[in-house]
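Q: The structure's right below; bear with me while I get my questions together.
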Amino acid sequence: MLKRFADHVAVDSLSFSVERGSFFSILGPSGCGKTTLLRMIAGFIAPDGGDIAIGGKSMRDVAPNRRPVNMVFQQLALFPMMSVGENVAFGLARRGMGRAERMKRSNAMLERVGLGNAADKRVDALSGGQRQRVAIARSLVLEPTLLLLDEPLGALDLKLREHMKIELKQLQASFGTTFVYITHDQSEALVLSDHVGVMNHGRFEQLGTPQDLYYRPQTPFVAGFVGANNRIVGRTTGADGAIADIATADGWVVRALKSGAIAVGDAVEVFVRPEAAILARGAAELPPDQPRHSGEVQSVLFDGANSAVLLQEARTRREFRIALPQTGQFADLKPHDHVAFSFDPSRAVCFAARAGAAGQDA
Amino acid sequence: MDSRWHARLVLGLLLAPAVLWLGALIILPHVDLAVLSFRERVGPRQYVASLAQYKTFFAEPLYWHVFLRTAVMSVFATLLTLLLAFPIAWIIAKLARGRAGSLLFIICLIPFWVSETVRTLGWMILLRESGVLPALLVKLGLTAVPVELLYRDATILLGLVYTSLLFMVVPLVTSLESLDNSLIEAAYDLGSGGWAILRHIVIPHAAPGITAGCIVVFMLTLGNYLTPTLLGGKNSQWFTEQIYTQFITRFNWEQGAAFGFLLLGLSTALVILGLRASGQRFGDVMRST
């Protein structure tokens with residue numbers, strides 16, 4: 001399956017393909033063009049150039065109601081004037097299927113999504129998660145080649161969203177339908193997808209597996225958008241093979257892996273994951289082969305397994321976030337404590353600074 | 001106790017105008033008319049209770065022919081108004097954006113700044129034999145001599161539809177505006193064509209608005225006096241005209257009152273029938289207006 005786009009105002013010359021049966025996410029901030037992209041695939045908007053092919057067939061001039069594509073809308077768009085069963089059977093009826101057969105299929109589909117007894121209920125009698133499943137069942141009952149999902153979890157509360165994430169992944173695995181999912185929530189994209197395209201200003205910044213995006217970001221945008229990251233802006237002062245020495249304007253020196261062509265003296269952005277850094281009470285406890293830094297605890301951000309500590313680097317007072325290990329070793333850490341930290345330069349990455357970004361700090 | 005009494009007093013005062021309006025202007029006259037319709041004049045200032053007025057209505061074919069004709073024409077005018085108003089309402093509610101929508105709405109409203117009489121006379125200027133439209137038809141070579149376009153059933157319908165259009169457009173716009181566009185897209189995405197979307201999504205959603213518009217337009221049309229009289233002339237045979245004749249020309253108030261009640265019964269019966277047929281509840285319909 002291959003889709004190509006070119007020269008849309010919102011979606012700018014991008015090209016990608018989605019493997020049959022996989023879960024593909026398009027991740028990007030609001031206004032990046034991801035909804036436009038999805039609506040072009042669904043057929044609601046015609047691309048100004050380029051083409052979309054689904055299952056090897058060009059979709060040019062094919063109306064949405066004729067495409068082998070179905071969409072789960074952001075607000076779900078269940079039909080309030082129909083029962084749950086009628087909602088699921090709606091698409092089958094439009095295909096001219098007889099009443100008995102479509103009731104059979106819609107009931108079987110509702111059974112599969114765990115709503116076997118809800119066929120006669122009214123849509124507004126369902127909970128948020130149940131409506132979600134009806135919306136997916138309504139599309140999947142048509143056995144589309146491709147299912148598009150437009151931030152369908154956005155309207156749910158956090159707990160339900162976590163639950164639905166797992167359910168969606170299981171549904172996709174059991175149906176084997178290709179899912180194209182758009183979201184601005186990087187956790188949804190990482191958890192659900194086989195492949196993710198990170199989109200910004202109508203272009204893909206990077207296409208890859210969730211692991212690729214997280215561990216090997218190729219652009220500063222991806223490094224900053226996917227997962228938490230410490231961002232340090234400076235200039236390279238030297239290089240040692242793949243590793244560069246970087247000094248900030250106020251004199252903090254760090255080392256990081258170079259990404260792309262970077263010459264000595266270039267403005268760069270360095271990204272260090274909070275969990276890549278090692279925290280210690282004294283410099284002596286840190287691994288000997290890593291550059292050492294010291295700082296003062298500004299605040300402890302307790303969040304269960306995601307707890308972190310926010311430091312200020314001793315000399316420059318720059319903020320730096322480090323994930324707290326789960327050993328309980330730092331349970332008594334308090335603001336204003338002095339600590340040492342270090343990180344493996346090969347787990348930090350630096351990019352040539354984007355235009356206009358050099359002076360700012362994250 | 002004091003505060004409860006106070007609350008009741010306030011409520012009573014607030015309701016007083018409505019109660020007065022209903023009681024003095026609607027219920028009282030109707031009670032009086034009901035009494036009138038059930039009596040017969042047997043001599044000077046001598047009346048007896050009787051069903052004679054109603055018997056006359058059924059005995060005289062002219063009366064119930066006009067009655068039926070008024071009902072059928074009103075239903076027809078209502079359906080015609082609905083067909084014409086629906087696309088207009090759709091454009092205002094769904095297609096026109098921002099100012100364009102309000103502008104279209106104002107265009108629908110503008111004719112109502114002119115009194116109904118003047119508006120109808122305007123139609124007469126356009127349609128009479130020596131009027132603008134027949135002259136235009138001659139000039140275009142479509143007719144040899146000017147045709148009289150007034151005093152036809154079609155002309156009456158035209159006038160009635162024109163007068164009623166706004167009362168249909170308003171509830172339709174309200175109900176179509178509340179239709180979530182993503183429902184239309186979802187139906188399209190699930191394989192519907194335009195007609196299927198209209199039939200399964202748009203009309204069920206707009207049903208209360210459609211019914212409300214139809215009830216209002218039907219009642220206005222059935223009770224209209226001016227438009228059928230002016231545009232239909234002697235041929236109009238509108239039932240309100242019969243009522244007018246009984247009250248004013250023949251000074252037979254008893255007969256006029258009976259006709260009035262028959263018309264009330266007709267409109268009530270047809271509205272109930274319409275609600276039944278469309279599966280709507282009166283409360284839901286009234287909420288949508």
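We name chains A, B, ... following the order of the structure tokens; residues begin at 1 in each chain, and ligands are numbered from 1 as shown.
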Residues of stretch 186-348 of chain A in helix (DSSP H, G or I) according to DSSP, as an MDAnalysis selection string?

A: chainID A and resid 186:192 210:215 220:225 274:276 283:285 304:306 345:347

Q: Tell me the residues of chain B close to chain A, meaning within 12 Å using only C-alpha atoms, as an MDAnalysis selection string.

A: chainID B and resid 179:197 199:207

Q: Output C-alpha atoms for every residue in the selection just made, as a PDB file, in the first residue's frame.

A:
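To be explicit, this is the file written out as again28.pdb:
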ATOM      1  CA  LEU B 179     -26.972  18.767  13.054  1.00  0.00           C
ATOM      2  CA  ASP B 180     -23.342  17.836  13.612  1.00  0.00           C
ATOM      3  CA  ASN B 181     -21.499  17.893  10.281  1.00  0.00           C
ATOM      4  CA  SER B 182     -19.435  14.891  11.301  1.00  0.00           C
ATOM      5  CA  LEU B 183     -22.637  12.801  11.247  1.00  0.00           C
ATOM      6  CA  ILE B 184     -23.047  13.639   7.582  1.00  0.00           C
ATOM      7  CA  GLU B 185     -19.411  12.844   6.916  1.00  0.00           C
ATOM      8  CA  ALA B 186     -19.673   9.601   8.860  1.00  0.00           C
ATOM      9  CA  ALA B 187     -22.695   8.516   6.832  1.00  0.00           C
ATOM     10  CA  TYR B 188     -20.858   9.434   3.634  1.00  0.00           C
ATOM     11  CA  ASP B 189     -17.808   7.527   4.825  1.00  0.00           C
ATOM     12  CA  LEU B 190     -19.918   4.469   5.610  1.00  0.00           C
ATOM     13  CA  GLY B 191     -21.100   4.306   2.018  1.00  0.00           C
ATOM     14  CA  SER B 192     -24.195   6.537   1.796  1.00  0.00           C
ATOM     15  CA  GLY B 193     -24.976   8.642  -1.204  1.00  0.00           C
ATOM     16  CA  GLY B 194     -26.712  12.010  -0.991  1.00  0.00           C
ATOM     17  CA  TRP B 195     -30.264  10.656  -0.850  1.00  0.00           C
ATOM     18  CA  ALA B 196     -29.445   8.054   1.795  1.00  0.00           C
ATOM     19  CA  ILE B 197     -27.842  10.753   3.950  1.00  0.00           C
ATOM     20  CA  ARG B 199     -33.282  10.151   4.314  1.00  0.00           C
ATOM     21  CA  HIS B 200     -31.478   8.450   7.200  1.00  0.00           C
ATOM     22  CA  ILE B 201     -29.569  11.275   8.849  1.00  0.00           C
ATOM     23  CA  VAL B 202     -30.770  14.746   7.904  1.00  0.00           C
ATOM     24  CA  ILE B 203     -34.541  14.264   7.870  1.00  0.00           C
ATOM     25  CA  PRO B 204     -34.714  12.208  11.103  1.00  0.00           C
ATOM     26  CA  HIS B 205     -32.599  14.851  12.798  1.00  0.00           C
ATOM     27  CA  ALA B 206     -34.616  17.754  11.421  1.00  0.00           C
ATOM     28  CA  ALA B 207     -37.990  16.026  11.932  1.00  0.00           C
TER      29      ALA B 207
END

Q: Within 10 Å of B:Phe86, counting only C-alpha atoms, which residues qualify if same-chain residues fewer than 6 places away don't, as an MDAnalysis selection string?

A: chainID B and resid 92 165 168:169 172:173 176 210

Q: Skip A:Ile262 itself and residues of its chain fewer than 2 positions away, then list as a JSON list (two decimals) with N, CA and C atoms, in the first residue's frame all residues within 12 Å of it, counting only C-alpha atoms.

A:
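selection06.json, freshly written:
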[["chain", "number", "residue", "atom", "x", "y", "z"],
["A", 235, "ARG", "N", 27.36, 25.89, 21.53],
["A", 235, "ARG", "CA", 28.17, 25.78, 20.32],
["A", 235, "ARG", "C", 29.21, 24.68, 20.51],
["A", 236, "THR", "N", 29.55, 24.01, 19.40],
["A", 236, "THR", "CA", 30.57, 22.97, 19.52],
["A", 236, "THR", "C", 31.93, 23.64, 19.68],
["A", 237, "THR", "N", 32.72, 23.07, 20.58],
["A", 237, "THR", "CA", 34.07, 23.62, 20.78],
["A", 237, "THR", "C", 35.12, 22.61, 20.34],
["A", 238, "GLY", "N", 34.69, 21.41, 20.08],
["A", 238, "GLY", "CA", 35.66, 20.42, 19.63],
["A", 238, "GLY", "C", 34.94, 19.14, 19.31],
["A", 239, "ALA", "N", 35.64, 18.20, 18.68],
["A", 239, "ALA", "CA", 35.01, 16.94, 18.37],
["A", 239, "ALA", "C", 36.01, 15.82, 18.51],
["A", 240, "ASP", "N", 35.48, 14.66, 18.93],
["A", 240, "ASP", "CA", 36.33, 13.50, 19.13],
["A", 240, "ASP", "C", 35.59, 12.35, 18.44],
["A", 241, "GLY", "N", 35.84, 12.19, 17.14],
["A", 241, "GLY", "CA", 35.10, 11.20, 16.36],
["A", 241, "GLY", "C", 33.65, 11.59, 16.27],
["A", 242, "ALA", "N", 32.75, 10.68, 16.76],
["A", 242, "ALA", "CA", 31.32, 10.95, 16.66],
["A", 242, "ALA", "C", 30.84, 11.85, 17.79],
["A", 243, "ILE", "N", 31.65, 12.02, 18.82],
["A", 243, "ILE", "CA", 31.24, 12.78, 19.99],
["A", 243, "ILE", "C", 31.73, 14.22, 19.89],
["A", 244, "ALA", "N", 30.84, 15.16, 20.17],
["A", 244, "ALA", "CA", 31.23, 16.58, 20.12],
["A", 244, "ALA", "C", 31.27, 17.15, 21.52],
["A", 245, "ASP", "N", 32.14, 18.16, 21.71],
["A", 245, "ASP", "CA", 32.14, 18.93, 22.96],
["A", 245, "ASP", "C", 31.31, 20.17, 22.70],
["A", 246, "ILE", "N", 30.41, 20.46, 23.60],
["A", 246, "ILE", "CA", 29.53, 21.61, 23.42],
["A", 246, "ILE", "C", 29.61, 22.49, 24.65],
["A", 256, "ALA", "N", 28.13, 15.14, 23.59],
["A", 256, "ALA", "CA", 26.99, 14.42, 23.01],
["A", 256, "ALA", "C", 27.35, 13.89, 21.63],
["A", 257, "LEU", "N", 26.58, 12.87, 21.23],
["A", 257, "LEU", "CA", 26.74, 12.24, 19.92],
["A", 257, "LEU", "C", 26.27, 13.21, 18.84],
["A", 258, "LYS", "N", 27.05, 13.30, 17.73],
["A", 258, "LYS", "CA", 26.66, 14.19, 16.65],
["A", 258, "LYS", "C", 25.60, 13.51, 15.77],
["A", 259, "SER", "N", 24.60, 14.27, 15.40],
["A", 259, "SER", "CA", 23.62, 13.76, 14.44],
["A", 259, "SER", "C", 23.68, 14.66, 13.21],
["A", 260, "GLY", "N", 24.11, 14.10, 12.09],
["A", 260, "GLY", "CA", 24.27, 14.90, 10.88],
["A", 260, "GLY", "C", 25.62, 15.61, 10.90],
["A", 264, "VAL", "N", 33.03, 22.24, 14.02],
["A", 264, "VAL", "CA", 33.39, 22.96, 15.25],
["A", 264, "VAL", "C", 32.96, 24.42, 15.10],
["A", 265, "GLY", "N", 32.33, 24.96, 16.13],
["A", 265, "GLY", "CA", 31.88, 26.34, 16.09],
["A", 265, "GLY", "C", 30.42, 26.50, 15.71],
["A", 266, "ASP", "N", 29.78, 25.39, 15.27],
["A", 266, "ASP", "CA", 28.36, 25.48, 14.89],
["A", 266, "ASP", "C", 27.47, 25.61, 16.13],
["A", 267, "ALA", "N", 26.35, 26.31, 15.94],
["A", 267, "ALA", "CA", 25.34, 26.34, 17.01],
["A", 267, "ALA", "C", 24.60, 25.01, 17.00],
["A", 268, "VAL", "N", 24.41, 24.41, 18.18],
["A", 268, "VAL", "CA", 23.76, 23.10, 18.24],
["A", 268, "VAL", "C", 22.72, 23.06, 19.36],
["A", 269, "GLU", "N", 21.85, 22.05, 19.24],
["A", 269, "GLU", "CA", 20.91, 21.75, 20.32],
["A", 269, "GLU", "C", 21.24, 20.34, 20.82],
["A", 349, "VAL", "N", 22.29, 13.39, 22.31],
["A", 349, "VAL", "CA", 22.42, 13.63, 20.89],
["A", 349, "VAL", "C", 22.39, 15.13, 20.62],
["A", 350, "CYS", "N", 23.21, 15.57, 19.65],
["A", 350, "CYS", "CA", 23.16, 16.99, 19.30],
["A", 350, "CYS", "C", 22.89, 17.18, 17.81],
["A", 351, "PHE", "N", 22.13, 18.23, 17.52],
["A", 351, "PHE", "CA", 21.73, 18.56, 16.14],
["A", 351, "PHE", "C", 22.18, 19.98, 15.86],
["A", 352, "ALA", "N", 22.43, 20.26, 14.58],
["A", 352, "ALA", "CA", 22.67, 21.65, 14.19],
["A", 352, "ALA", "C", 21.41, 22.43, 14.57],
["A", 353, "ALA", "N", 21.59, 23.61, 15.18],
["A", 353, "ALA", "CA", 20.45, 24.36, 15.70],
["A", 353, "ALA", "C", 19.54, 24.79, 14.56]]

Q: Provide the atom CA of B:Phe261 to atom CA of B:Ala34 distance in Å, to one decimal place.

A: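 It comes out at 7.5 Å.
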
Q: Would you list the contacts of B:Gln242 as a list of chain:residue names, taking every protein, DNA or RNA residue within 10 Å and counting only C-alpha atoms, but skipping same-chain residues closer than 3 positions in sequence?

A: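 The contact residues come out as B:Leu62, B:Tyr63, B:Val66, B:Phe67, B:Tyr225, B:Gln237, B:Trp238, B:Phe239, B:Thr245, B:Gln246, B:Phe247, B:Ile248, B:Thr249, B:Gln255, B:Gly256, B:Phe259, B:Gly260.
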
Q: Would you list the contacts of B:Glu177 as number ranges by chain, taking every protein, DNA or RNA residue within 10 Å and counting only C-alpha atoms, but skipping same-chain residues closer than 6 positions in sequence?

A: B: 89-90, 92-94, 171, 206

Q: When you look at A:Ser127 with a cut-off of 12 Å (counting only C-alpha atoms), what residues show up, excluding the ones that are within fewer than 6 positions of it in the same chain? I need them as an NGL selection string.

A: :A and (115 or 118 or 121 or 133-134 or 155-157 or 160)

Q: Tell me, in Å to one decimal, how far atom CA of B:Trp113 is from atom CA of B:Ser236.

A: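 Value for the atom CA of B:Trp113-atom CA of B:Ser236 distance: 25.9 Å.
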
Q: Atom CA of A:His195 to atom CA of A:Leu207: how many Å, to one decimal?

A: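 Distance between the two atoms: 7.2 Å.
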
Q: Identify all residues of stretch 12-120 of chain A in strand (DSSP E) (DSSP on the backbone) and supply them as a VMD selection string.

A: chain A and resid 15 to 17 23 to 27 52 to 54 57 to 58 69 to 72
